[in-house]
Amino acid sequence: MSNKIIVVIFFIALLLPAVIFAQEEQNIGNEVFEAKVIRILEQTEIEREGGSKAIQQNILLLGLTGEWKNKEIKYEGISDLDVVGNNTYKAGDKVLVQRSITSENEDKFYIVDFVRRGYLYLLAFIFALVIVAVGKIKGLKALISLAVSFLIIIKLILPQILSGTSPLLVGVLGSFAILVVMIYLTEGLNKKSHLAIVSVLFSLVITMALSIIFTSLTRLTGLAQEESTFLIGIGQQAIDFRGLLLAGMLIGTIGVLDDVIVGQIEAVQQIKEANPNLSSGAVFKMSYQVGNAHLGAIINTLFLIYAGASLPLLLLFTIHQEPFLSFNQVINNEIIATEIVRSLVGSIGVAMSLPISTYLASYYLKLKK
């Protein structure tokens, strides 16, 4: 592959998310626009009941985009209301501003958040450079597969769910498609990749079956998270939130499945090449031991990902706030139960992928003479 082709593919993979959301940014331009903080007009500090403090500000802004470009706007943030999570701004900050019209037909402006897009693009650029520098061609392929996976989720999976298609069906097919792309793109079109795809299929079926069974037994609705309530009434048909929860479990597992399965098949190949006279059973036992050492770290990683995303909930456990006064109340809360089912089902699926992929590779992966 020539250097020019590598550079072109590299920048396509890097810029794909920005291209996907370009149209979306244009659609919201009339309601939400970017502005720059010119001056802090007034600032006051309020104290909450718990003793924590918050800062409220009246700010003079200069519009940067849309019809408000180069126009001065006043944001009145000092009020009797205590807005949780309210940011503190300084001159020079770029912010997102939302415009609304009051009952007196007057414009009212609210600062929504900081504009942090530029720093995210910088971090993505550094990430891509590091991956390509360390992984070279394979790292480049991994970046491209990541971009394609992102495209499948945004342009195929999510629109199908919004159109009323079963989220579970879309999740299964989408997850399988993502793994097919990832494996064939990074590993090539060969026997190892074919075996990895078959292993993925079996592992996904097991994960899907467990997800369906225990989501039903624990009576999870998929509406425990606050974000789900905003989706009610959106789309061409009513969204199946339980199916959406199941699809999320599958998509959350596929990255770890790819790691375990591809690693196991590679371990089998290396053992066979090191000693071609070993029987398939002996190869299975040796490579299975390699996988066992890897499995503990993978399961811990999967658990810590979910735990890290739930730190605010874990804090509520420690201070015994309602409705988390006892252990039984904790695990019976749907938000917690959802995370427990998600992490354990995902871990079981990943664990089962170890013997499946090892067995298939040990008995069906033949070395080239």
# chains A, B, ... in the order shown; residues from 1 in each chain; ligands from 1

$ residues_around --residues "Ile183 (chain A)" --least-positions-apart "6" --cutoff "12 Å" --atoms "only C-alpha atoms" --output "PyMOL selection string"
chain A and resi 138+141-142+144-146+149+176-177+189-200+254-255+257-263+265

$ residues_around --residues "Gly174 (chain A)" --least-positions-apart "5" --cutoff "12 Å" --atoms "only C-alpha atoms" --output "count of residues only"
28

$ residues_around --residues "Arg242 (chain A)" --least-positions-apart "6" --cutoff "7 Å" --atoms "only C-alpha atoms" --output "ChimeraX atom specification"
/A:220-222

$ residues_around --residues "Glu34 (chain A)" --least-positions-apart "5" --cutoff "12 Å" --atoms "only C-alpha atoms" --output "ChimeraX atom specification"
/A:25,28-29,61-71,73,93-99,109-117

$ closest_residue --among "A:Val132, A:Val37, A:Leu246, A:Ala147" --to "Thr88 (chain A)" --atoms "only C-alpha atoms"
A:Val37

$ closest_residue --among "A:Ile46, A:Leu173, A:Val341, A:Leu278" --to "Ser216 (chain A)" --atoms "only C-alpha atoms"
A:Val341

$ closest_residue --among "A:Ala293, A:Leu223, A:Ile137, A:Ala274" --to "Ala351 (chain A)" --atoms "only C-alpha atoms"
A:Ala293

$ atom_distance --atom1 "CA of Phe303 (chain A)" --atom2 "CA of Ser347 (chain A)"
8.0 Å

$ atom_distance --atom1 "CA of Val172 (chain A)" --atom2 "CA of Ile212 (chain A)"
12.1 Å

$ atom_distance --atom1 "CA of Thr358 (chain A)" --atom2 "CA of Ile298 (chain A)"
16.1 Å

$ closest_residue --among "A:Leu162, A:Val205, A:Leu354, A:Phe284" --to "Ser175 (chain A)" --atoms "only C-alpha atoms"
A:Val205
